[in-house]
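One file, coords.tsv, carrying TSV, C-alpha atoms:
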```tsv
chain	number	residue	atom	x	y	z
A	1	MET	CA	-12.82	-20.23	7.64
A	2	SER	CA	-11.19	-16.94	6.72
A	3	SER	CA	-7.56	-16.45	7.63
A	4	LYS	CA	-6.41	-14.26	10.48
A	5	ARG	CA	-5.68	-10.60	9.81
A	6	LEU	CA	-2.16	-9.27	10.36
A	7	GLY	CA	-1.39	-5.96	12.03
A	8	PHE	CA	1.70	-3.86	12.74
A	9	PHE	CA	1.58	-1.86	15.97
A	10	THR	CA	3.83	0.99	17.07
A	11	ARG	CA	4.12	3.22	20.11
A	12	LEU	CA	6.45	5.52	18.11
A	13	LEU	CA	9.46	5.06	20.36
A	14	ASP	CA	12.27	5.09	17.81
A	15	GLN	CA	15.38	6.94	18.94
A	16	GLY	CA	15.41	10.58	17.84
A	17	SER	CA	13.28	13.70	17.93
A	18	ALA	CA	9.49	13.59	17.74
A	19	GLN	CA	9.69	14.51	14.05
A	20	GLN	CA	12.12	11.65	13.41
A	21	ARG	CA	9.90	9.24	15.32
A	22	TYR	CA	6.93	10.18	13.15
A	23	ARG	CA	8.95	9.82	9.96
A	24	LEU	CA	10.36	6.41	10.90
A	25	ALA	CA	6.99	5.06	12.06
A	26	THR	CA	5.45	6.24	8.78
A	27	GLU	CA	8.13	4.41	6.81
A	28	GLN	CA	7.54	1.26	8.85
A	29	ILE	CA	3.79	1.30	8.23
A	30	VAL	CA	4.22	1.96	4.50
A	31	HIS	CA	6.68	-0.95	4.45
A	32	ALA	CA	4.16	-3.15	6.31
A	33	GLU	CA	1.54	-2.39	3.67
A	34	ARG	CA	3.98	-3.36	0.92
A	35	ALA	CA	4.67	-6.62	2.78
A	36	GLY	CA	0.94	-7.41	2.86
A	37	PHE	CA	-0.07	-6.44	6.41
A	38	ASP	CA	-3.80	-5.82	6.82
A	39	SER	CA	-3.71	-3.13	9.49
A	40	ALA	CA	-1.50	-0.60	11.28
A	41	TRP	CA	-2.11	0.57	14.83
A	42	VAL	CA	-0.71	3.51	16.79
A	43	ALA	CA	-0.89	4.18	20.51
A	44	GLN	CA	-1.75	7.46	22.21
A	45	HIS	CA	0.29	8.70	25.16
A	46	HIS	CA	0.37	12.16	26.71
A	47	PHE	CA	3.44	13.95	28.09
A	48	HIS	CA	5.82	11.04	28.80
A	49	GLN	CA	8.15	10.58	25.82
A	50	ASP	CA	9.63	7.29	27.07
A	51	GLU	CA	6.19	5.66	27.34
A	52	GLY	CA	4.87	6.65	23.92
A	53	GLY	CA	5.69	9.29	21.36
A	54	LEU	CA	2.25	10.26	20.06
A	55	PRO	CA	-0.43	12.37	21.76
A	56	SER	CA	-2.46	12.91	18.56
A	57	PRO	CA	-3.02	9.55	16.81
A	58	LEU	CA	-5.78	10.76	14.47
A	59	VAL	CA	-3.57	13.52	13.09
A	60	PHE	CA	-0.79	11.00	12.48
A	61	LEU	CA	-3.15	8.54	10.79
A	62	ALA	CA	-4.50	11.29	8.54
A	63	GLN	CA	-1.12	11.73	6.89
A	64	LEU	CA	-0.77	7.95	6.65
A	65	ALA	CA	-4.08	7.82	4.80
A	66	VAL	CA	-2.42	9.80	2.01
A	67	LYS	CA	0.67	7.58	1.88
A	68	THR	CA	-1.12	4.20	1.86
A	69	ARG	CA	-3.86	2.50	-0.16
A	70	HIS	CA	-5.05	-0.74	1.43
A	71	ILE	CA	-3.83	-1.04	4.99
A	72	ARG	CA	-6.45	-0.33	7.65
A	73	LEU	CA	-5.54	2.43	10.11
A	74	GLY	CA	-6.29	1.92	13.78
A	75	THR	CA	-5.90	3.58	17.15
A	76	GLY	CA	-4.49	1.27	19.76
A	77	VAL	CA	-5.80	3.10	21.72
A	78	ILE	CA	-7.41	6.50	22.23
A	79	THR	CA	-7.50	7.12	25.99
A	80	LEU	CA	-11.13	8.16	25.89
A	81	PRO	CA	-11.55	9.61	29.42
A	82	MET	CA	-9.11	12.39	28.51
A	83	GLU	CA	-10.98	13.37	25.34
A	84	SER	CA	-14.05	15.32	24.30
A	85	ALA	CA	-16.27	12.56	22.96
A	86	ILE	CA	-17.93	14.83	20.39
A	87	ARG	CA	-14.57	16.05	19.07
A	88	VAL	CA	-13.40	12.44	18.77
A	89	ALA	CA	-16.61	11.67	16.86
A	90	GLU	CA	-15.99	14.58	14.48
A	91	ASP	CA	-12.31	13.84	13.91
A	92	THR	CA	-12.86	10.12	13.33
A	93	ALA	CA	-15.77	10.81	10.96
A	94	VAL	CA	-13.57	13.08	8.83
A	95	LEU	CA	-10.60	10.71	8.94
A	96	ASP	CA	-12.71	7.75	7.87
A	97	LEU	CA	-13.80	9.66	4.77
A	98	LEU	CA	-10.25	10.79	3.99
A	99	SER	CA	-9.00	7.20	4.28
A	100	ASP	CA	-11.80	5.73	2.15
A	101	GLY	CA	-13.33	3.86	5.07
A	102	ARG	CA	-10.13	2.35	6.49
A	103	LEU	CA	-10.37	3.60	10.08
A	104	GLU	CA	-10.56	1.28	13.10
A	105	VAL	CA	-11.18	2.88	16.50
A	106	GLY	CA	-9.58	1.28	19.55
A	107	VAL	CA	-10.44	2.87	22.88
A	108	ALA	CA	-9.63	2.28	26.55
A	109	ALA	CA	-9.93	3.81	29.98
A	110	GLY	CA	-6.23	3.52	30.77
A	111	GLY	CA	-3.31	5.83	30.47
A	112	THR	CA	-0.49	6.95	32.71
A	113	PRO	CA	-2.12	7.75	36.09
A	114	THR	CA	-0.24	11.01	36.50
A	115	SER	CA	-1.56	12.30	33.15
A	116	PHE	CA	-5.20	12.52	34.21
A	117	ALA	CA	-4.83	15.62	36.39
A	118	ALA	CA	-3.89	17.77	33.39
A	119	PHE	CA	-7.30	16.92	31.91
A	120	GLY	CA	-9.21	17.77	35.08
A	121	LEU	CA	-9.64	14.16	36.20
A	122	GLU	CA	-8.40	11.90	38.94
A	123	ALA	CA	-7.14	8.49	37.79
A	124	GLU	CA	-9.83	6.86	39.93
A	125	GLN	CA	-12.50	8.52	37.77
A	126	ARG	CA	-11.28	6.99	34.53
A	127	ASN	CA	-13.71	4.07	34.31
A	128	ALA	CA	-16.78	6.23	34.84
A	129	ALA	CA	-15.47	8.85	32.41
A	130	PHE	CA	-14.70	6.13	29.86
A	131	ALA	CA	-18.23	4.73	30.02
A	132	ALA	CA	-19.81	8.18	29.67
A	133	ASN	CA	-17.57	9.24	26.79
A	134	LEU	CA	-17.98	5.95	24.93
A	135	HIS	CA	-21.77	6.29	25.17
A	136	MET	CA	-21.59	9.86	23.85
A	137	LEU	CA	-19.22	8.82	21.03
A	138	LEU	CA	-21.55	6.06	19.86
A	139	GLN	CA	-24.60	8.33	20.10
A	140	ALA	CA	-22.87	11.02	18.04
A	141	TRP	CA	-21.79	8.60	15.30
A	142	ARG	CA	-25.33	7.22	15.10
A	143	GLY	CA	-26.89	10.64	14.53
A	144	ALA	CA	-28.41	11.36	17.94
A	145	ALA	CA	-29.27	14.93	18.87
A	146	LEU	CA	-26.38	16.57	20.71
A	147	GLY	CA	-27.69	19.22	23.08
A	148	SER	CA	-30.59	20.17	20.81
A	149	ASP	CA	-32.39	18.69	17.83
A	150	ASP	CA	-30.40	21.01	15.56
A	151	ASN	CA	-27.04	19.56	16.64
A	152	ARG	CA	-26.19	16.32	14.90
A	153	LEU	CA	-22.80	15.03	13.82
A	154	TYR	CA	-21.58	16.20	10.43
A	155	PRO	CA	-20.34	14.35	8.56
A	156	PRO	CA	-22.42	11.46	9.92
A	157	ALA	CA	-20.50	8.27	10.67
A	158	PRO	CA	-22.83	5.41	11.73
A	159	GLN	CA	-20.41	2.93	10.12
A	160	LEU	CA	-17.80	3.61	12.81
A	161	ALA	CA	-20.01	2.12	15.52
A	162	GLN	CA	-19.21	-1.25	13.92
A	163	ARG	CA	-15.45	-0.67	14.13
A	164	VAL	CA	-14.89	-0.06	17.83
A	165	TRP	CA	-12.34	-2.09	19.77
A	166	GLN	CA	-11.98	-2.11	23.56
A	167	ALA	CA	-8.62	-2.85	25.16
A	168	THR	CA	-8.59	-4.54	28.55
A	169	PHE	CA	-6.52	-6.55	31.02
A	170	SER	CA	-9.53	-8.01	32.84
A	171	VAL	CA	-12.28	-10.60	32.52
A	172	ALA	CA	-14.81	-7.87	33.36
A	173	GLY	CA	-13.44	-5.77	30.53
A	174	GLY	CA	-13.76	-8.70	28.13
A	175	GLU	CA	-17.38	-9.14	29.16
A	176	ARG	CA	-18.04	-5.42	28.68
A	177	ALA	CA	-16.58	-5.43	25.17
A	178	GLY	CA	-18.57	-8.55	24.30
A	179	LYS	CA	-21.89	-7.16	25.53
A	180	ALA	CA	-21.33	-4.07	23.40
A	181	GLY	CA	-20.55	-6.17	20.33
A	182	HIS	CA	-17.17	-4.47	20.01
A	183	GLY	CA	-13.78	-5.92	19.17
A	184	LEU	CA	-11.54	-7.14	21.99
A	185	MET	CA	-7.92	-5.97	22.16
A	186	LEU	CA	-5.52	-8.10	24.22
A	187	SER	CA	-2.22	-6.66	25.38
A	188	ARG	CA	1.29	-7.81	24.42
A	189	THR	CA	1.98	-8.40	28.12
A	190	GLN	CA	0.31	-7.79	31.46
A	191	PRO	CA	1.22	-8.01	35.14
A	192	ARG	CA	1.02	-11.41	36.84
A	193	PRO	CA	-0.59	-12.08	40.22
A	194	ALA	CA	1.94	-11.77	43.03
A	195	ASP	CA	1.53	-15.46	43.87
A	196	ALA	CA	1.91	-16.64	40.26
A	197	LEU	CA	4.71	-14.68	38.63
A	198	ASP	CA	5.45	-17.52	36.18
A	199	LEU	CA	1.87	-17.75	34.89
A	200	PRO	CA	1.93	-17.80	31.07
A	201	LEU	CA	0.19	-14.96	29.27
A	202	ASP	CA	-2.39	-17.22	27.64
A	203	ALA	CA	-3.51	-18.39	31.10
A	204	LEU	CA	-4.46	-14.76	31.83
A	205	GLN	CA	-5.97	-13.99	28.44
A	206	ASN	CA	-7.98	-17.13	27.66
A	207	PRO	CA	-10.46	-16.33	30.47
A	208	ILE	CA	-10.85	-12.82	29.00
A	209	ILE	CA	-11.61	-14.36	25.61
A	210	ASP	CA	-14.07	-16.78	27.23
A	211	ALA	CA	-15.94	-13.91	28.90
A	212	TYR	CA	-15.96	-11.89	25.68
A	213	LEU	CA	-17.37	-14.73	23.59
A	214	ALA	CA	-19.97	-15.63	26.22
A	215	ALA	CA	-21.24	-12.03	26.34
A	216	LEU	CA	-21.23	-11.40	22.57
A	217	PRO	CA	-24.78	-10.97	21.21
A	218	ALA	CA	-26.06	-13.68	18.88
A	219	GLY	CA	-25.16	-13.03	15.26
A	220	VAL	CA	-22.27	-10.67	16.02
A	221	THR	CA	-18.98	-11.83	14.50
A	222	PRO	CA	-16.16	-11.96	17.08
A	223	ARG	CA	-13.20	-9.64	16.61
A	224	ILE	CA	-10.32	-10.55	18.89
A	225	MET	CA	-6.87	-9.00	18.53
A	226	GLY	CA	-3.84	-10.57	20.14
A	227	SER	CA	-0.97	-8.09	20.32
A	228	ARG	CA	2.49	-9.54	20.92
A	229	THR	CA	6.07	-8.30	21.14
A	230	VAL	CA	7.90	-9.94	18.23
A	231	PHE	CA	11.30	-9.25	16.74
A	232	VAL	CA	12.44	-11.48	13.90
A	233	GLY	CA	15.98	-11.28	12.60
A	234	ASP	CA	18.55	-13.16	10.60
A	235	ASP	CA	20.82	-13.57	13.61
A	236	THR	CA	19.75	-14.79	17.05
A	237	ALA	CA	22.68	-13.24	18.89
A	238	ARG	CA	21.95	-9.81	17.39
A	239	ALA	CA	18.28	-10.13	18.36
A	240	ARG	CA	19.24	-10.96	21.95
A	241	ASP	CA	21.61	-8.00	22.08
A	242	PHE	CA	18.79	-5.66	21.09
A	243	ALA	CA	16.49	-7.28	23.66
A	244	ALA	CA	19.08	-6.89	26.41
A	245	LYS	CA	19.32	-3.14	25.74
A	246	GLY	CA	15.63	-2.52	25.18
A	247	LEU	CA	14.26	-4.55	28.06
A	248	SER	CA	16.82	-3.15	30.49
A	249	HIS	CA	15.97	0.39	29.41
A	250	GLY	CA	12.27	-0.16	30.01
A	251	LEU	CA	12.52	-2.27	33.15
A	252	ALA	CA	11.81	0.51	35.65
A	253	ARG	CA	8.75	1.61	33.69
A	254	LEU	CA	7.41	-1.94	33.44
A	255	ARG	CA	7.91	-2.49	37.17
A	256	ALA	CA	6.00	0.73	37.85
A	257	ALA	CA	3.15	-0.70	35.76
A	258	GLY	CA	2.95	-3.72	38.05
A	259	HIS	CA	5.37	-6.22	36.52
A	260	GLN	CA	7.61	-7.85	39.11
A	261	PRO	CA	9.94	-10.27	37.30
A	262	ALA	CA	11.41	-12.88	39.62
A	263	ASP	CA	14.41	-13.48	37.34
A	264	GLY	CA	16.46	-10.46	36.26
A	265	THR	CA	18.54	-12.30	33.67
A	266	LEU	CA	17.88	-11.66	29.97
A	267	ASP	CA	16.00	-14.93	29.59
A	268	GLY	CA	14.01	-14.11	32.71
A	269	LEU	CA	13.02	-10.72	31.32
A	270	ILE	CA	12.13	-12.25	27.96
A	271	ARG	CA	9.75	-14.63	29.76
A	272	ALA	CA	8.38	-12.04	32.15
A	273	PHE	CA	7.56	-9.54	29.42
A	274	ASP	CA	6.30	-12.11	26.90
A	275	VAL	CA	8.87	-11.39	24.22
A	276	HIS	CA	9.21	-13.54	21.09
A	277	LEU	CA	12.50	-13.09	19.26
A	278	GLY	CA	15.05	-14.78	17.06
A	279	THR	CA	14.99	-16.34	13.63
A	280	PRO	CA	11.66	-17.01	11.91
A	281	GLU	CA	11.78	-20.65	13.02
A	282	GLN	CA	12.43	-19.71	16.64
A	283	VAL	CA	9.66	-17.11	16.69
A	284	ILE	CA	7.15	-19.46	15.06
A	285	ASP	CA	7.89	-22.10	17.67
A	286	SER	CA	7.59	-19.56	20.50
A	287	LEU	CA	4.29	-18.11	19.28
A	288	GLN	CA	2.81	-21.55	18.72
A	289	GLN	CA	3.12	-22.19	22.46
A	290	ASP	CA	0.63	-19.35	23.08
A	291	SER	CA	-2.82	-20.96	23.00
A	292	ALA	CA	-4.62	-17.59	23.07
A	293	LEU	CA	-3.29	-16.83	19.59
A	294	ASP	CA	-5.17	-19.84	18.21
A	295	ARG	CA	-8.39	-18.04	19.16
A	296	VAL	CA	-7.75	-14.53	17.87
A	297	THR	CA	-9.03	-13.15	14.57
A	298	ASP	CA	-6.27	-10.53	14.37
A	299	LEU	CA	-2.54	-10.81	15.09
A	300	ALA	CA	-0.79	-7.52	15.86
A	301	PHE	CA	2.98	-7.49	16.24
A	302	GLN	CA	5.14	-4.77	17.75
A	303	VAL	CA	8.82	-4.47	18.62
A	304	HIS	CA	8.33	-2.72	21.99
A	305	SER	CA	10.03	-3.00	24.39
A	306	ILE	CA	12.95	-4.38	22.37
A	307	ASP	CA	13.05	-1.24	20.20
A	308	PRO	CA	15.78	-2.21	17.71
A	309	PRO	CA	17.09	0.26	15.12
A	310	HIS	CA	14.82	1.24	12.24
A	311	ALA	CA	16.50	-0.88	9.57
A	312	HIS	CA	16.07	-3.98	11.71
A	313	ILE	CA	12.39	-3.18	12.27
A	314	LEU	CA	11.90	-3.07	8.49
A	315	ARG	CA	13.63	-6.43	8.14
A	316	SER	CA	11.52	-7.90	10.94
A	317	ILE	CA	8.34	-6.74	9.19
A	318	GLU	CA	9.40	-8.60	6.04
A	319	LEU	CA	10.27	-11.80	7.89
A	320	ILE	CA	6.99	-11.76	9.81
A	321	ALA	CA	4.98	-11.45	6.59
A	322	ARG	CA	7.00	-14.04	4.66
A	323	HIS	CA	7.46	-16.71	7.29
A	324	VAL	CA	5.95	-16.16	10.74
A	325	ALA	CA	2.39	-15.00	10.08
A	326	PRO	CA	1.65	-17.65	7.42
A	327	ALA	CA	2.62	-20.35	9.93
A	328	LEU	CA	0.01	-18.91	12.31
A	329	GLY	CA	-2.88	-18.91	9.84
A	330	TRP	CA	-2.48	-15.66	7.89
A	331	GLN	CA	-2.71	-15.20	4.14
A	332	PRO	CA	-2.22	-11.85	2.34
A	333	ARG	CA	-5.40	-10.24	1.04
A	334	HIS	CA	-3.72	-7.74	-1.26
A	335	PRO	CA	-0.87	-8.05	-3.76
A	336	VAL	CA	2.48	-8.11	-1.97
A	337	ALA	CA	5.17	-5.81	-3.33
A	338	ALA	CA	8.70	-7.11	-3.69
A	339	THR	CA	10.54	-6.11	-0.52
A	340	HIS	CA	13.98	-6.94	0.76
A	341	HIS	CA	15.65	-4.70	3.28
A	342	HIS	CA	19.22	-5.24	4.37
A	343	ALA	CA	19.21	-4.70	8.11
A	344	GLU	CA	22.75	-3.39	8.11
A	345	GLU	CA	21.65	-0.29	6.21
A	346	ASN	CA	21.00	2.91	8.15
A	347	VAL	CA	21.54	1.24	11.52
```

Would you write out, as structure tokens, the structure that this file holds?
Amino acid sequence: MSSKRLGFFTRLLDQGSAQQRYRLATEQIVHAERAGFDSAWVAQHHFHQDEGGLPSPLVFLAQLAVKTRHIRLGTGVITLPMESAIRVAEDTAVLDLLSDGRLEVGVAAGGTPTSFAAFGLEAEQRNAAFAANLHMLLQAWRGAALGSDDNRLYPPAPQLAQRVWQATFSVAGGERAGKAGHGLMLSRTQPRPADALDLPLDALQNPIIDAYLAALPAGVTPRIMGSRTVFVGDDTARARDFAAKGLSHGLARLRAAGHQPADGTLDGLIRAFDVHLGTPEQVIDSLQQDSALDRVTDLAFQVHSIDPPHAHILRSIELIARHVAPALGWQPRHPVAATHHHAEENV
């Protein structure tokens, strides 16, 4: 059995201007490649700088394609209802060539509800728009006629139809991704039912995995990504200090998204938002309690919503690759460069 793949995910929320955010996220992804990570993923968010710092993920990944060699470059996710499907097909086709075939395309119907109006949509229309745009995207990649027999995607990109991932919170979404033969992207956290606020995350996500696997066509290899909030440090107290600041800062936003933590203490927020933090040993023990991670093919780790300083993110990347991920079934596929970052630098 092949080992799990290891991903680094960012919503580009480092403190600073947009330009600084892009520079720091680029450094983090380059560092992840040097540490042996298999993939890097960036989220798309429109308008709201505290929810995500990147409206144009394909542009950002294009410059990363120049700065990296091995690491796969993924969108986690493109909010497809807000896009022109044919333009997404064209941009991804070009980017896949520029990156020597390293592009992975994660898509979803979601997004901040208030953002849809700017794109001429109501939030309630997002699922129908997602289905229509995904169909058009796949047709374009596969060389179908677009409007007339003379209009076909150039450059063609049929290979990308095999690298689609669908993100979902629901069992129905898992079934949809499975039927399509796409990858399944599971979130770092998700709201609990009002009558079961203490339900562990794997209790919500294992049924999604079950539905995905049951719907997957025969002969199609499963691709299941488990994204988790992980911050690994050399000092537990420092890690908890960062969590206290980050989780408190994002609490109002998380509540607006449907999270209703019953316990407002730091430990209560850590549980409610499915955060794994501390020394490598502590994080390994915490992640090993998550039975959904035993079933995934891809582990993707992010620091949101802890959001520690840049130097500490670099150190966390190293500790994940050296200690945490190997304990969860990962082995590096490419030569690992010598890395050692002192977290006290550039804090």

(message) Just the number, please: distance in Å from CA of Val275 (chain A) to CA of Thr229 (chain A), one decimal.
(response) 5.2 Å

(request) Find the residue from A:Leu73, A:Ile284, A:Ile313, A:Ala172 that sits nearest to Ala214 (chain A); use all atoms listed in the file when measuring. (result) A:Ala172

(request) Provide the CA of Lys179 (chain A) to CA of Leu216 (chain A) distance in Å, to one decimal place. (result)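 According to the coordinates, CA of Lys179 (chain A) and CA of Leu216 (chain A) are separated by 5.2 Å.
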
(message) Measuring between all atoms listed in the file, which one of A:Leu24, A:Leu103, A:Leu277, A:Ala43 shows the shortest distance to Leu319 (chain A)?
(response)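 Between A:Leu24, A:Leu103, A:Leu277, A:Ala43, the residue approaching Leu319 (chain A) most closely is A:Leu277.
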
(message) Would you pick out the contacts of region 195-207 of chain A at 12 Å or less, using all atoms listed in the file, so that residues sharing its chain but fewer than 6 positions from it are not included, and give the list as a PyMOL selection string?
(response) chain A and resi 167-175+184-189+213-214+224-228+258-263+268-275+287-296

(message) Just to confirm, what's the straight-line distance from CA of Tyr22 (chain A) to CA of Ala325 (chain A) in Å (one decimal)?
(response)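 We find that CA of Tyr22 (chain A) and CA of Ala325 (chain A) lie 25.8 Å from each other.
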
Please determine an axis-aligned box that encloses all atoms of region 156-159 of chain A listed in the file, with 3 Å added on each side, and express its centre and edge lengths in Å to one decimal as JSON.
```
{"center_x": -21.6, "center_y": 7.2, "center_z": 10.8, "size_x": 8.4, "size_y": 14.5, "size_z": 7.8}
```

(request) Find the residue from A:Trp165, A:Phe8, A:Phe116, A:Tyr154 that sits nearest to Leu97 (chain A); use only C-alpha atoms when measuring. (result) A:Tyr154

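Comparing A:Glu281, A:Arg11, A:Ala25, A:Glu124 by their smallest distance to Pro326 (chain A), the closest is A:Glu281 (using all atoms listed in the file).
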
(message) I'd like the contact shell of Val88 (chain A) - 10 Å cut-off, all atoms listed in the file, skipping same-chain residues fewer than 2 positions apart - returned as a PyMOL selection string.
(response) chain A and resi 58+78+80+83-86+90-94+133+136-137+140-141

Would you mind exporting the chosen residues as a CSV table (one decimal), in the frame of the given file, restricted to C-alpha atoms?
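File produced: result.csv:
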```csv
chain,number,residue,atom,x,y,z
A,58,LEU,CA,-5.8,10.8,14.5
A,78,ILE,CA,-7.4,6.5,22.2
A,80,LEU,CA,-11.1,8.2,25.9
A,83,GLU,CA,-11.0,13.4,25.3
A,84,SER,CA,-14.0,15.3,24.3
A,85,ALA,CA,-16.3,12.6,23.0
A,86,ILE,CA,-17.9,14.8,20.4
A,90,GLU,CA,-16.0,14.6,14.5
A,91,ASP,CA,-12.3,13.8,13.9
A,92,THR,CA,-12.9,10.1,13.3
A,93,ALA,CA,-15.8,10.8,11.0
A,94,VAL,CA,-13.6,13.1,8.8
A,133,ASN,CA,-17.6,9.2,26.8
A,136,MET,CA,-21.6,9.9,23.8
A,137,LEU,CA,-19.2,8.8,21.0
A,140,ALA,CA,-22.9,11.0,18.0
A,141,TRP,CA,-21.8,8.6,15.3
```

Give me, as a Markdown table, each residue of region 93-127 of chain A that comes within 12 Å of region 63-70 of chain A, together with its shortest interatomic pair and the distance in Å at one decimal, counting all atoms listed in the file, with rows ordered by chain and rising residue number.
```
| residue | atom | partner | partner_atom | distance |
| --- | --- | --- | --- | --- |
| A:Val94 | CA | A:Ala65 | CA | 11.6 |
| A:Leu95 | CA | A:Ala65 | CA | 8.2 |
| A:Asp96 | CA | A:Ala65 | CA | 9.2 |
| A:Leu97 | CA | A:Ala65 | CA | 9.9 |
| A:Leu98 | CA | A:Ala65 | CA | 6.9 |
| A:Ser99 | CA | A:Ala65 | CA | 5.0 |
| A:Asp100 | CA | A:Ala65 | CA | 8.4 |
| A:Gly101 | CA | A:Ala65 | CA | 10.1 |
| A:Arg102 | CA | A:His70 | CA | 7.8 |
| A:Leu103 | CA | A:Ala65 | CA | 9.2 |
```

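Candidate residues A:Phe9, A:Phe60, A:Phe242, A:Phe37 were compared for distance to Gln331 (chain A), and the nearest is A:Phe37, using all atoms listed in the file.
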
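Using all atoms listed in the file, the contacts of Gln162 (chain A) at a cut-off of 9 Å, with sequence neighbours closer than 6 positions omitted, comprise Gly181, His182 and Gly183 of chain A.
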
(request) Between A:Pro335, A:Pro156, A:Gly110, A:Gly178, single out the one closest to Asp38 (chain A), counting all atoms listed in the file. (result) A:Pro335

(request) Write out as a list in words the residues lying within 12 Å of Gly16 (chain A), counting only C-alpha atoms and excluding same-chain residues fewer than 5 positions away. (result)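 What passes the distance filter is Arg21, Tyr22, Arg23, Leu24, Ala25, Gln49, Asp50, Gly53, Pro309 and His310 of chain A.
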
(request) Around the point (1.8, -2.4, 10.7) in the file's coordinates, collect all residues with an atom within 6 Å, using only C-alpha atoms, and return them as a list in words. (result) Gly7, Phe8, Phe9, Ile29, Ala32, Ser39 and Ala40 of chain A

(request) Would you mind listing what lies within 9 Å of Val283 (chain A) as a ChimeraX atom specification, with all atoms listed in the file counted and same-chain residues fewer than 3 positions away left out? (result) /A:230-232,276-280,286-288,324
